[in-house]
$ cat my_file32.cif   # mmCIF, C-alpha atoms
data_coords
#
loop_
_atom_site.label_atom_id
_atom_site.label_comp_id
_atom_site.auth_asym_id
_atom_site.auth_seq_id
_atom_site.Cartn_x
_atom_site.Cartn_y
_atom_site.Cartn_z
CA MET A 1 -0.04 -19.24 -53.02
CA THR A 2 2.15 -20.71 -55.72
CA SER A 3 5.23 -18.97 -54.46
CA THR A 4 7.45 -21.90 -53.80
CA GLU A 5 6.83 -24.51 -56.43
CA ASN A 6 10.28 -26.01 -56.49
CA GLN A 7 11.23 -25.77 -52.86
CA PRO A 8 9.39 -26.46 -49.60
CA ALA A 9 7.93 -23.39 -47.94
CA LEU A 10 10.53 -21.69 -45.79
CA THR A 11 9.09 -21.38 -42.32
CA CYS A 12 12.07 -22.61 -40.34
CA TRP A 13 11.73 -19.81 -37.78
CA LYS A 14 8.41 -21.33 -36.73
CA GLU A 15 9.96 -24.75 -36.23
CA LYS A 16 13.48 -24.31 -34.95
CA GLY A 17 13.78 -20.55 -34.74
CA VAL A 18 12.52 -17.87 -32.39
CA ALA A 19 8.87 -18.80 -32.94
CA GLY A 20 9.62 -22.50 -32.52
CA ASP A 21 11.86 -24.40 -30.14
CA ALA A 22 14.95 -22.23 -30.84
CA SER A 23 17.07 -25.28 -31.61
CA CYS A 24 18.57 -23.84 -34.81
CA PRO A 25 22.38 -23.91 -34.56
CA ARG A 26 22.63 -20.61 -36.44
CA LEU A 27 20.48 -18.79 -33.92
CA ALA A 28 23.51 -18.10 -31.72
CA GLU A 29 25.29 -16.52 -34.67
CA PHE A 30 22.43 -14.21 -35.67
CA GLY A 31 20.76 -13.60 -32.32
CA HIS A 32 17.30 -13.43 -33.91
CA CYS A 33 15.79 -14.99 -37.00
CA ARG A 34 15.19 -11.59 -38.56
CA ASN A 35 18.99 -11.23 -38.95
CA CYS A 36 19.29 -14.56 -40.75
CA PRO A 37 19.63 -14.69 -44.56
CA GLU A 38 17.10 -17.54 -44.70
CA TYR A 39 14.49 -15.23 -43.24
CA ALA A 40 15.31 -12.58 -45.83
CA ARG A 41 15.04 -15.20 -48.55
CA ALA A 42 11.64 -16.29 -47.32
CA GLY A 43 10.56 -12.66 -47.35
CA ARG A 44 11.74 -12.19 -50.92
CA SER A 45 9.95 -15.33 -52.03
CA LEU A 46 6.68 -13.48 -51.32
CA PHE A 47 7.39 -11.61 -54.54
CA ASP A 48 7.13 -14.85 -56.47
CA ARG A 49 3.34 -14.65 -56.33
CA ASN A 50 1.27 -14.55 -59.46
CA ILE A 51 0.41 -11.19 -60.86
CA PRO A 52 -3.08 -9.93 -60.00
CA ALA A 53 -5.50 -9.18 -62.81
CA GLY A 54 -5.09 -5.78 -64.39
CA PHE A 55 -1.67 -5.20 -62.83
CA GLN A 56 0.30 -5.32 -66.07
CA GLU A 57 -2.10 -3.07 -67.94
CA GLU A 58 -2.10 -0.57 -65.09
CA TRP A 59 1.68 -0.43 -65.04
CA ALA A 60 1.84 -0.08 -68.82
CA ILE A 61 -0.24 3.09 -68.49
CA MET A 62 1.81 4.39 -65.58
CA LEU A 63 5.11 3.85 -67.37
CA ALA A 64 3.85 5.55 -70.51
CA GLY A 65 3.41 8.80 -68.59
CA ILE A 66 6.15 11.24 -67.77
CA LYS A 67 7.78 10.62 -64.46
CA LYS A 68 7.20 13.42 -62.01
CA ALA A 69 10.55 14.89 -61.21
CA GLU A 70 11.36 15.40 -57.60
CA SER A 71 11.31 19.09 -56.75
CA PRO A 72 14.84 20.39 -56.70
CA GLY A 73 15.98 21.83 -53.41
CA ALA A 74 13.71 19.68 -51.26
CA VAL A 75 15.19 19.13 -47.82
CA SER A 76 14.80 15.98 -45.79
CA ALA A 77 14.31 16.81 -42.12
CA VAL A 78 13.57 14.93 -38.93
CA VAL A 79 10.79 16.54 -36.90
CA PHE A 80 10.83 16.51 -33.11
CA ARG A 81 9.09 18.26 -30.25
CA LEU A 82 10.43 20.14 -27.25
CA ASN A 83 7.47 20.85 -24.98
CA ASP A 84 5.22 22.94 -27.27
CA GLU A 85 7.82 23.78 -29.90
CA PHE A 86 7.93 21.68 -33.05
CA LEU A 87 11.40 21.74 -34.51
CA ALA A 88 13.21 20.03 -37.34
CA LEU A 89 16.79 19.24 -38.17
CA LYS A 90 18.20 18.26 -41.55
CA THR A 91 18.46 14.49 -41.78
CA VAL A 92 22.12 14.69 -42.87
CA ALA A 93 22.97 15.88 -39.36
CA PHE A 94 20.76 13.26 -37.70
CA LEU A 95 22.29 9.95 -36.68
CA LYS A 96 19.57 8.21 -34.66
CA ALA A 97 16.93 8.48 -31.99
CA LEU A 98 17.43 6.38 -28.89
CA GLU A 99 15.12 5.36 -26.11
CA MET A 100 15.79 7.30 -22.94
CA ARG A 101 18.77 5.98 -21.05
CA PRO A 102 20.78 7.21 -18.09
CA ILE A 103 22.58 10.51 -18.47
CA HIS A 104 25.69 10.31 -16.31
CA ARG A 105 26.53 13.45 -14.40
CA VAL A 106 30.05 14.76 -14.63
CA PRO A 107 31.02 16.22 -11.23
CA PHE A 108 31.75 19.96 -11.28
CA ARG A 109 30.83 20.07 -14.97
CA THR A 110 27.17 19.18 -15.17
CA ASN A 111 24.93 22.24 -15.25
CA HIS A 112 21.53 23.12 -16.62
CA VAL A 113 22.79 23.08 -20.23
CA PHE A 114 25.47 20.38 -20.21
CA ARG A 115 23.59 17.47 -18.70
CA GLY A 116 26.40 14.91 -18.64
CA VAL A 117 27.49 12.03 -20.83
CA VAL A 118 25.49 9.24 -22.43
CA ASN A 119 26.72 5.84 -23.53
CA VAL A 120 25.90 5.46 -27.23
CA ASP A 121 27.20 2.20 -28.71
CA GLY A 122 30.05 2.16 -26.22
CA VAL A 123 31.09 5.76 -26.81
CA LEU A 124 30.41 8.47 -24.26
CA LEU A 125 28.82 11.47 -25.95
CA PRO A 126 28.05 14.84 -24.38
CA CYS A 127 24.39 15.39 -23.65
CA ILE A 128 23.11 18.95 -24.07
CA SER A 129 19.74 20.34 -23.11
CA ALA A 130 18.60 21.92 -26.34
CA ALA A 131 15.41 23.08 -24.61
CA GLU A 132 17.44 25.03 -22.06
CA LEU A 133 19.62 26.58 -24.77
CA MET A 134 16.58 27.76 -26.71
CA GLY A 135 14.67 28.94 -23.68
CA ILE A 136 11.95 26.31 -23.93
CA SER A 137 10.43 25.30 -20.61
CA ALA A 138 10.38 21.66 -19.51
CA ALA A 139 7.49 19.52 -20.73
CA ASP A 140 4.81 17.92 -18.60
CA PRO A 141 6.64 14.99 -16.96
CA SER A 142 3.64 12.68 -17.50
CA GLY A 143 4.66 12.47 -21.18
CA LYS A 144 1.16 13.41 -22.35
CA HIS A 145 0.81 15.90 -25.19
CA ASP A 146 -2.51 16.86 -26.79
CA GLY A 147 -4.00 13.98 -24.87
CA HIS A 148 -1.80 11.26 -26.33
CA GLN A 149 1.08 9.43 -24.77
CA CYS A 150 4.51 10.44 -26.11
CA TYR A 151 7.87 8.90 -25.58
CA ARG A 152 10.90 10.96 -24.77
CA ARG A 153 13.91 10.19 -26.91
CA LEU A 154 17.56 11.01 -27.10
CA MET A 155 18.49 12.43 -30.48
CA VAL A 156 22.03 11.70 -31.62
CA ILE A 157 23.29 14.25 -34.10
CA THR A 158 26.52 14.47 -36.03
CA ARG A 159 28.38 17.02 -38.09
CA GLU A 160 31.99 17.09 -39.23
CA GLY A 161 32.93 14.27 -36.89
CA ALA A 162 31.39 15.85 -33.78
CA ARG A 163 28.51 14.04 -32.12
CA PHE A 164 26.06 15.25 -29.51
CA VAL A 165 23.03 13.87 -27.77
CA PHE A 166 20.03 15.86 -26.65
CA PRO A 167 16.74 14.83 -25.09
CA VAL A 168 13.49 15.62 -26.90
CA ASP A 169 9.91 15.04 -25.83
CA GLU A 170 8.93 13.24 -29.00
CA VAL A 171 10.38 12.32 -32.41
CA LEU A 172 7.70 12.59 -35.06
CA GLY A 173 9.48 11.26 -38.12
CA VAL A 174 11.32 12.24 -41.25
CA ILE A 175 9.61 14.47 -43.81
CA ARG A 176 10.55 16.26 -47.02
CA VAL A 177 10.22 20.01 -47.07
CA LEU A 178 9.88 21.79 -50.40
CA PRO A 179 11.68 25.09 -50.92
CA ASN A 180 8.42 26.99 -51.50
CA GLN A 181 7.14 25.91 -48.08
CA MET A 182 9.98 27.61 -46.27
CA GLN A 183 9.25 30.95 -44.67
CA LYS A 184 11.24 33.42 -42.64
CA PRO A 185 10.95 32.76 -38.93
CA PRO A 186 8.62 35.22 -37.18
CA GLU A 187 10.16 37.80 -34.86
CA THR A 188 7.83 36.90 -32.04
CA VAL A 189 9.45 33.62 -31.03
CA SER A 190 12.02 33.72 -28.27
CA LYS A 191 15.33 35.27 -29.21
CA SER A 192 17.57 32.26 -28.69
CA LEU A 193 15.17 30.12 -30.69
CA THR A 194 15.10 32.61 -33.60
CA ALA A 195 18.88 32.68 -33.65
CA LEU A 196 19.02 28.94 -34.27
CA THR A 197 16.03 28.72 -36.60
CA MET A 198 16.75 29.01 -40.29
CA HIS A 199 13.21 28.75 -41.66
CA VAL A 200 9.77 27.79 -40.56
CA PHE A 201 7.43 25.59 -42.58
CA PRO A 202 3.85 24.41 -42.14
CA TRP A 203 3.32 20.77 -41.23
CA GLU A 204 0.09 19.17 -40.03
CA ASN A 205 -1.61 22.46 -39.12
CA ARG A 206 1.33 23.83 -37.18
CA MET A 207 4.54 25.65 -37.86
CA VAL A 208 7.80 23.77 -37.53
CA GLY A 209 11.12 25.54 -37.11
CA LEU A 210 13.97 24.16 -39.20
CA LEU A 211 17.14 24.51 -37.16
CA ASP A 212 20.38 25.76 -38.65
CA ASP A 213 22.58 22.73 -38.03
CA GLN A 214 25.81 24.70 -38.28
CA LYS A 215 24.70 27.20 -35.63
CA LEU A 216 23.28 24.43 -33.47
CA PHE A 217 26.62 22.65 -33.39
CA THR A 218 28.49 25.89 -32.70
CA THR A 219 26.13 26.59 -29.79
CA PHE A 220 26.48 23.03 -28.51
CA HIS A 221 30.28 23.28 -28.70
CA GLY A 222 30.15 26.63 -26.91
CA SER A 223 28.05 25.24 -24.09
CA LEU A 224 30.79 22.71 -23.29
CA THR A 225 33.42 25.36 -22.59
CA HIS A 226 31.41 27.39 -20.07
CA MET B 227 30.01 -1.80 -57.37
CA LEU B 228 26.44 -2.93 -57.25
CA LEU B 229 25.08 -5.96 -59.07
CA LEU B 230 21.35 -6.43 -59.60
CA ILE B 231 20.66 -10.13 -59.24
CA PHE B 232 18.11 -12.09 -61.23
CA GLN B 233 17.43 -15.73 -61.71
CA SER B 234 17.04 -17.80 -64.82
CA GLY B 235 16.29 -21.47 -64.46
CA GLU B 236 18.22 -22.55 -61.38
CA ASP B 237 21.07 -20.10 -61.87
CA ARG B 238 21.72 -16.59 -60.71
CA TYR B 239 22.95 -13.81 -62.95
CA GLY B 240 23.66 -10.15 -62.38
CA LEU B 241 23.49 -6.85 -64.21
CA ASP B 242 25.86 -4.08 -63.21
CA ALA B 243 23.76 -1.34 -61.66
CA SER B 244 25.79 1.59 -62.97
CA ARG B 245 23.90 1.86 -66.25
CA ILE B 246 20.48 0.83 -64.99
CA ILE B 247 17.95 3.63 -65.33
CA GLU B 248 15.02 2.09 -63.55
CA VAL B 249 13.59 -1.25 -62.47
CA VAL B 250 9.87 -1.42 -63.14
CA PRO B 251 7.19 -4.06 -62.56
CA LEU B 252 6.13 -6.38 -65.33
CA ALA B 253 3.96 -4.15 -67.50
CA SER B 254 2.03 -5.43 -70.48
CA LEU B 255 4.02 -5.14 -73.70
CA LYS B 256 3.12 -4.71 -77.31
CA HIS B 257 3.99 -7.95 -79.03
CA VAL B 258 5.96 -7.84 -82.22
CA PRO B 259 5.03 -10.46 -84.83
CA HIS B 260 8.08 -12.35 -86.13
CA ALA B 261 10.18 -10.77 -83.42
CA PRO B 262 13.74 -12.03 -83.08
CA GLU B 263 14.33 -14.77 -80.56
CA GLY B 264 14.34 -13.57 -76.98
CA MET B 265 12.46 -10.38 -77.63
CA ALA B 266 9.44 -10.02 -75.36
CA GLY B 267 7.90 -6.98 -77.01
CA LEU B 268 7.85 -3.21 -77.00
CA LEU B 269 7.28 -1.00 -73.99
CA ASN B 270 6.12 2.60 -74.03
CA TYR B 271 8.59 3.89 -71.47
CA ARG B 272 7.74 7.51 -70.68
CA GLY B 273 6.97 8.27 -74.30
CA THR B 274 9.87 6.34 -75.83
CA ILE B 275 9.41 2.97 -77.46
CA VAL B 276 11.80 0.57 -75.83
CA PRO B 277 12.45 -2.98 -77.04
CA VAL B 278 12.32 -5.46 -74.19
CA MET B 279 14.44 -8.61 -74.26
CA ASP B 280 13.45 -11.60 -72.16
CA LEU B 281 16.62 -12.76 -70.42
CA SER B 282 15.01 -16.01 -69.29
CA ALA B 283 14.12 -16.87 -72.85
CA LEU B 284 17.62 -15.98 -74.01
CA LEU B 285 19.44 -17.88 -71.30
CA THR B 286 17.26 -20.96 -70.81
CA GLY B 287 14.85 -20.96 -73.72
CA THR B 288 11.77 -20.63 -71.50
CA PRO B 289 10.06 -17.23 -71.31
CA SER B 290 9.90 -15.44 -67.95
CA ARG B 291 6.92 -16.45 -65.86
CA ALA B 292 4.37 -13.78 -64.95
CA ARG B 293 5.20 -13.18 -61.28
CA LEU B 294 5.47 -10.11 -59.11
CA SER B 295 9.20 -10.79 -58.84
CA THR B 296 9.56 -10.78 -62.63
CA ARG B 297 10.52 -7.23 -63.52
CA ILE B 298 11.74 -5.13 -66.39
CA VAL B 299 15.15 -3.56 -65.97
CA LEU B 300 15.72 -0.50 -68.13
CA VAL B 301 19.34 -0.11 -69.09
CA ASP B 302 21.16 2.55 -71.07
CA VAL B 303 23.08 0.53 -73.67
CA SER B 304 24.44 3.46 -75.69
CA PRO B 305 28.22 3.57 -76.19
CA GLU B 306 30.04 5.47 -73.43
CA ASP B 307 30.67 8.55 -75.57
CA SER B 308 27.18 8.77 -77.05
CA PRO B 309 25.24 11.82 -75.89
CA ALA B 310 21.73 10.39 -76.25
CA PRO B 311 20.72 7.39 -74.15
CA ARG B 312 19.66 4.27 -75.95
CA ILE B 313 17.38 2.35 -73.67
CA LEU B 314 16.81 -1.35 -73.75
CA GLY B 315 14.51 -3.25 -71.42
CA PHE B 316 15.43 -6.61 -69.91
CA MET B 317 12.75 -8.81 -68.50
CA ALA B 318 14.06 -11.19 -65.86
CA GLU B 319 12.78 -13.41 -63.08
CA ARG B 320 13.35 -12.90 -59.35
CA VAL B 321 14.72 -9.38 -59.54
CA THR B 322 14.57 -8.90 -55.78
CA GLU B 323 18.12 -8.41 -54.62
CA THR B 324 21.33 -6.50 -55.16
CA ILE B 325 24.80 -7.39 -53.99
CA ARG B 326 27.97 -5.33 -53.66
CA TYR B 327 31.04 -6.56 -55.46
CA ARG B 328 34.51 -5.54 -56.48
CA GLU B 329 35.88 -6.05 -59.96
CA GLN B 330 38.65 -8.25 -58.52
CA ASP B 331 36.04 -10.65 -57.06
CA LEU B 332 35.10 -11.69 -60.57
CA GLN B 333 36.68 -14.65 -62.27
CA VAL B 334 36.68 -15.52 -65.93
CA SER B 335 34.31 -18.35 -66.66
CA GLY B 336 36.81 -20.11 -68.89
CA VAL B 337 34.08 -20.93 -71.37
CA ALA B 338 33.41 -18.68 -74.31
CA VAL B 339 30.05 -19.54 -75.77
CA PRO B 340 29.78 -18.69 -79.43
CA GLY B 341 26.73 -16.57 -80.07
CA ALA B 342 26.45 -15.48 -76.42
CA PRO B 343 29.01 -12.66 -76.03
CA TYR B 344 26.91 -11.17 -73.22
CA LEU B 345 27.95 -13.92 -70.79
CA GLY B 346 30.54 -12.28 -68.58
CA LYS B 347 32.73 -13.03 -65.62
CA ILE B 348 31.57 -15.03 -62.62
CA MET B 349 31.66 -14.20 -58.95
CA LEU B 350 31.07 -16.44 -55.95
CA ASP B 351 28.84 -15.37 -53.14
CA GLN B 352 27.71 -17.31 -50.10
CA TYR B 353 25.05 -19.25 -51.97
CA ALA B 354 26.17 -19.87 -55.48
CA MET B 355 27.90 -18.50 -58.53
CA VAL B 356 26.62 -15.32 -60.08
CA GLN B 357 27.40 -14.63 -63.70
CA ARG B 358 27.50 -11.06 -64.86
CA ILE B 359 25.62 -10.22 -68.02
CA ASP B 360 26.78 -7.46 -70.32
CA PRO B 361 23.51 -5.77 -71.33
CA ALA B 362 25.07 -3.99 -74.29
CA ALA B 363 26.07 -7.31 -75.87
CA VAL B 364 22.72 -9.07 -75.50
CA ILE B 365 21.53 -8.16 -78.96
CA PRO B 366 23.94 -8.40 -81.89
CA GLU B 367 25.09 -5.13 -83.49
CA SER B 368 23.19 -5.80 -86.71
CA LEU B 369 19.92 -6.39 -84.92
CA LYS B 370 20.54 -3.44 -82.60
CA ALA B 371 20.69 -1.10 -85.58
CA THR B 372 17.39 -2.46 -86.87
CA LEU B 373 15.68 -2.34 -83.48
CA PHE B 374 16.70 1.18 -82.64
CA ALA B 375 16.02 2.42 -86.15
CA LEU B 376 12.51 1.10 -85.81
CA ALA B 377 12.08 2.66 -82.41
CA LYS B 378 13.49 5.97 -83.64
CA GLU B 379 11.16 6.12 -86.63
CA SER B 380 8.12 5.45 -84.52
CA ASN B 381 9.15 8.12 -82.02
CA HIS B 382 9.23 10.72 -84.76
CA ASP B 383 5.62 10.07 -85.73
#

$ encode --input "my_file32.cif" --output "structure tokens"
Amino acid sequence: MTSTENQPALTCWKEKGVAGDASCPRLAEFGHCRNCPEYARAGRSLFDRNIPAGFQEEWAIMLAGIKKAESPGAVSAVVFRLNDEFLALKTVAFLKALEMRPIHRVPFRTNHVFRGVVNVDGVLLPCISAAELMGISAADPSGKHDGHQCYRRLMVITREGARFVFPVDEVLGVIRVLPNQMQKPPETVSKSLTALTMHVFPWENRMVGLLDDQKLFTTFHGSLTH
Amino acid sequence: MLLLIFQSGEDRYGLDASRIIEVVPLASLKHVPHAPEGMAGLLNYRGTIVPVMDLSALLTGTPSRARLSTRIVLVDVSPEDSPAPRILGFMAERVTETIRYREQDLQVSGVAVPGAPYLGKIMLDQYAMVQRIDPAAVIPESLKATLFALAKESNHD
């Protein structure tokens, strides 16, 4: 590789960083080499490689063509699973997915819907059982689904300053849903689920319900005042 | 505001991101015989012929090296009130980073180089100085008219 002609190869994390003897004085500041600007610089220097044969010609052809416009109205949604139900929530309302952590009971308050409070970055957020609200039964506690191991997560969601946490059996990722994929939710699904589902769309051979984030938050708020 | 950083020689420069249309990899260009200094060639950009200036050649006199980090930045250089975009490509080395800046972070360089009106104000970041380049001033008005006239004619064919 001819990447670093003028400067010695940057591999300090192997010598004095986390993969070496950890003697780097800046390690305390950054905690891990991946947070250090030197590491980022070394990563960027990978782009200083020579261009492979045919690359420029290929790009000349690609750039000559019309750029495919992104379909208007596409919605970005995070897909998750509650037992056998595959659901999705618009990414704008999604803050993050956390590994399972203790849900602290609140005496005389905790019930089957309001599960307690969870510490998220030093802030206590109410934890709601979305499965209970939508009438979805609890998943197999072994964590297995379709024969593969899944990891339960806590989804942190936000809207208009309000934040909630709810446990899910699996987070499957963020996808884009095109407007023509959206269908009306079928009448056959449980009533409370239909009430919160805006649309359904096909994804990997199954139907996913896109939740109405406004209604979800209203329901979550309501469950706190019971 | 966002500044797209590139490198020329040992120094870092930046292009304001607000008028950048797209950053594309180094595609092969059509060379123009007797092209003005600093012009790398012509690019067929989505059906429009776009002149590409080599910023390395302009700033240091050595053409950009063919690397994966050498990219072409497509900038709209039309005057603010013009309805149709006028696209110019800028080839530059090490286009791998952007930084956020505020207008008040910039300082005047104190040196006005005759013949290089595109050299703008300078900001300091943690590594070194970054000089902002005004893409609209890279080619002189007279040459701009010629270049875009040429491009326009060929687009009508």

$ atom_distance --input "my_file32.cif" --atom1 "atom CA of Val177 of chain A" --atom2 "atom CA of Ala64 of chain A"
28.3 Å

$ interface_residues --input "my_file32.cif" --of "chain B" --to "chain A" --cutoff "8 Å" --atoms "all atoms listed in the file" --output "MDAnalysis selection string"
chainID B and resid 251:255 269:273 292:296 320 322

$ closest_residue --input "my_file32.cif" --among "A:Ile103, A:Leu95, A:Val113, A:Ala22" --to "Thr158 of chain A" --atoms "all atoms listed in the file"
A:Leu95

$ resolve_selection --input "my_file32.cif" --expression "the PyMOL selection byres ((chain A and resi 194) around 12)" --output "list of chain:residue names"
A:Leu87, A:Leu133, A:Met134, A:Gly135, A:Ile136, A:Lys184, A:Pro185, A:Pro186, A:Glu187, A:Thr188, A:Val189, A:Ser190, A:Lys191, A:Ser192, A:Leu193, A:Ala195, A:Leu196, A:Thr197, A:Met198, A:His199, A:Val200, A:Gly209, A:Leu210, A:Leu211, A:Asp212, A:Lys215, A:Leu216

$ residues_around --input "my_file32.cif" --residues "segment 139-154 of chain A" --least-positions-apart "6" --cutoff "12 Å" --atoms "all atoms listed in the file" --output "JSON, numbers by chain"
{"A": [80, 81, 82, 83, 84, 85, 94, 95, 96, 97, 98, 99, 100, 101, 102, 103, 117, 118, 119, 120, 125, 126, 127, 128, 129, 130, 131, 132, 164, 165, 166, 167, 168, 169, 170, 171, 172]}

$ resolve_selection --input "my_file32.cif" --expression "the PyMOL selection byres ((chain B and resi 336-351) around 12)" --output "number ranges by chain"
B: 229, 231, 237-242, 281, 284-285, 324-335, 352-367

$ atom_distance --input "my_file32.cif" --atom1 "atom CA of Ile247 of chain B" --atom2 "atom CA of Pro311 of chain B"
10.0 Å

$ atom_distance --input "my_file32.cif" --atom1 "atom CA of Ile275 of chain B" --atom2 "atom CA of Glu319 of chain B"
22.1 Å

$ closest_residue --input "my_file32.cif" --among "A:Cys12, A:Leu124, A:Val106, A:Val75" --to "Pro179 of chain A" --atoms "all atoms listed in the file"
A:Val75

$ closest_residue --input "my_file32.cif" --among "A:Leu224, A:Leu89, A:Cys33, A:Ala74" --to "Thr11 of chain A" --atoms "all atoms listed in the file"
A:Cys33

$ closest_residue --input "my_file32.cif" --among "B:Pro262, B:Ala318, B:Val249, B:Val276" --to "Ser234 of chain B" --atoms "all atoms listed in the file"
B:Ala318

$ closest_residue --input "my_file32.cif" --among "A:Asn205, A:Leu10, A:Phe86, A:Val123" --to "Gly43 of chain A" --atoms "all atoms listed in the file"
A:Leu10

$ build_atoms --input "my_file32.cif" --residues "segment 260-277 of chain B" --atoms "N, CA and C atoms" --output "PDB file, keeping the file's coordinate frame"
ATOM      1  N   HIS B 260       6.795 -11.930 -85.543  1.00  0.00           N
ATOM      2  CA  HIS B 260       8.080 -12.350 -86.130  1.00  0.00           C
ATOM      3  C   HIS B 260       9.252 -11.678 -85.432  1.00  0.00           C
ATOM      4  N   ALA B 261       9.103 -11.416 -84.172  1.00  0.00           N
ATOM      5  CA  ALA B 261      10.180 -10.770 -83.420  1.00  0.00           C
ATOM      6  C   ALA B 261      11.371 -11.714 -83.330  1.00  0.00           C
ATOM      7  N   PRO B 262      12.576 -11.164 -83.256  1.00  0.00           N
ATOM      8  CA  PRO B 262      13.740 -12.030 -83.080  1.00  0.00           C
ATOM      9  C   PRO B 262      13.656 -12.802 -81.771  1.00  0.00           C
ATOM     10  N   GLU B 263      14.370 -13.892 -81.723  1.00  0.00           N
ATOM     11  CA  GLU B 263      14.330 -14.770 -80.560  1.00  0.00           C
ATOM     12  C   GLU B 263      14.733 -14.003 -79.295  1.00  0.00           C
ATOM     13  N   GLY B 264      13.999 -14.204 -78.252  1.00  0.00           N
ATOM     14  CA  GLY B 264      14.340 -13.570 -76.980  1.00  0.00           C
ATOM     15  C   GLY B 264      13.742 -12.197 -76.794  1.00  0.00           C
ATOM     16  N   MET B 265      13.042 -11.703 -77.793  1.00  0.00           N
ATOM     17  CA  MET B 265      12.460 -10.380 -77.630  1.00  0.00           C
ATOM     18  C   MET B 265      11.024 -10.531 -77.114  1.00  0.00           C
ATOM     19  N   ALA B 266      10.741  -9.858 -75.985  1.00  0.00           N
ATOM     20  CA  ALA B 266       9.440 -10.020 -75.360  1.00  0.00           C
ATOM     21  C   ALA B 266       8.404  -9.078 -75.966  1.00  0.00           C
ATOM     22  N   GLY B 267       8.840  -7.929 -76.430  1.00  0.00           N
ATOM     23  CA  GLY B 267       7.900  -6.980 -77.010  1.00  0.00           C
ATOM     24  C   GLY B 267       8.407  -5.567 -76.879  1.00  0.00           C
ATOM     25  N   LEU B 268       7.485  -4.625 -77.080  1.00  0.00           N
ATOM     26  CA  LEU B 268       7.850  -3.210 -77.000  1.00  0.00           C
ATOM     27  C   LEU B 268       7.130  -2.567 -75.828  1.00  0.00           C
ATOM     28  N   LEU B 269       7.846  -1.685 -75.149  1.00  0.00           N
ATOM     29  CA  LEU B 269       7.280  -1.000 -73.990  1.00  0.00           C
ATOM     30  C   LEU B 269       7.283   0.497 -74.264  1.00  0.00           C
ATOM     31  N   ASN B 270       6.166   1.142 -73.970  1.00  0.00           N
ATOM     32  CA  ASN B 270       6.120   2.600 -74.030  1.00  0.00           C
ATOM     33  C   ASN B 270       6.679   3.089 -72.696  1.00  0.00           C
ATOM     34  N   TYR B 271       7.948   3.444 -72.704  1.00  0.00           N
ATOM     35  CA  TYR B 271       8.590   3.890 -71.470  1.00  0.00           C
ATOM     36  C   TYR B 271       8.686   5.402 -71.487  1.00  0.00           C
ATOM     37  N   ARG B 272       7.774   6.049 -70.805  1.00  0.00           N
ATOM     38  CA  ARG B 272       7.740   7.510 -70.680  1.00  0.00           C
ATOM     39  C   ARG B 272       7.819   8.188 -72.047  1.00  0.00           C
ATOM     40  N   GLY B 273       7.064   7.639 -72.988  1.00  0.00           N
ATOM     41  CA  GLY B 273       6.970   8.270 -74.300  1.00  0.00           C
ATOM     42  C   GLY B 273       8.004   7.793 -75.305  1.00  0.00           C
ATOM     43  N   THR B 274       8.882   6.888 -74.900  1.00  0.00           N
ATOM     44  CA  THR B 274       9.870   6.340 -75.830  1.00  0.00           C
ATOM     45  C   THR B 274       9.559   4.869 -76.018  1.00  0.00           C
ATOM     46  N   ILE B 275       9.661   4.394 -77.250  1.00  0.00           N
ATOM     47  CA  ILE B 275       9.410   2.970 -77.460  1.00  0.00           C
ATOM     48  C   ILE B 275      10.692   2.202 -77.221  1.00  0.00           C
ATOM     49  N   VAL B 276      10.617   1.295 -76.278  1.00  0.00           N
ATOM     50  CA  VAL B 276      11.800   0.570 -75.830  1.00  0.00           C
ATOM     51  C   VAL B 276      11.611  -0.911 -76.109  1.00  0.00           C
ATOM     52  N   PRO B 277      12.535  -1.534 -76.860  1.00  0.00           N
ATOM     53  CA  PRO B 277      12.450  -2.980 -77.040  1.00  0.00           C
ATOM     54  C   PRO B 277      12.810  -3.695 -75.732  1.00  0.00           C
TER      55      PRO B 277
END
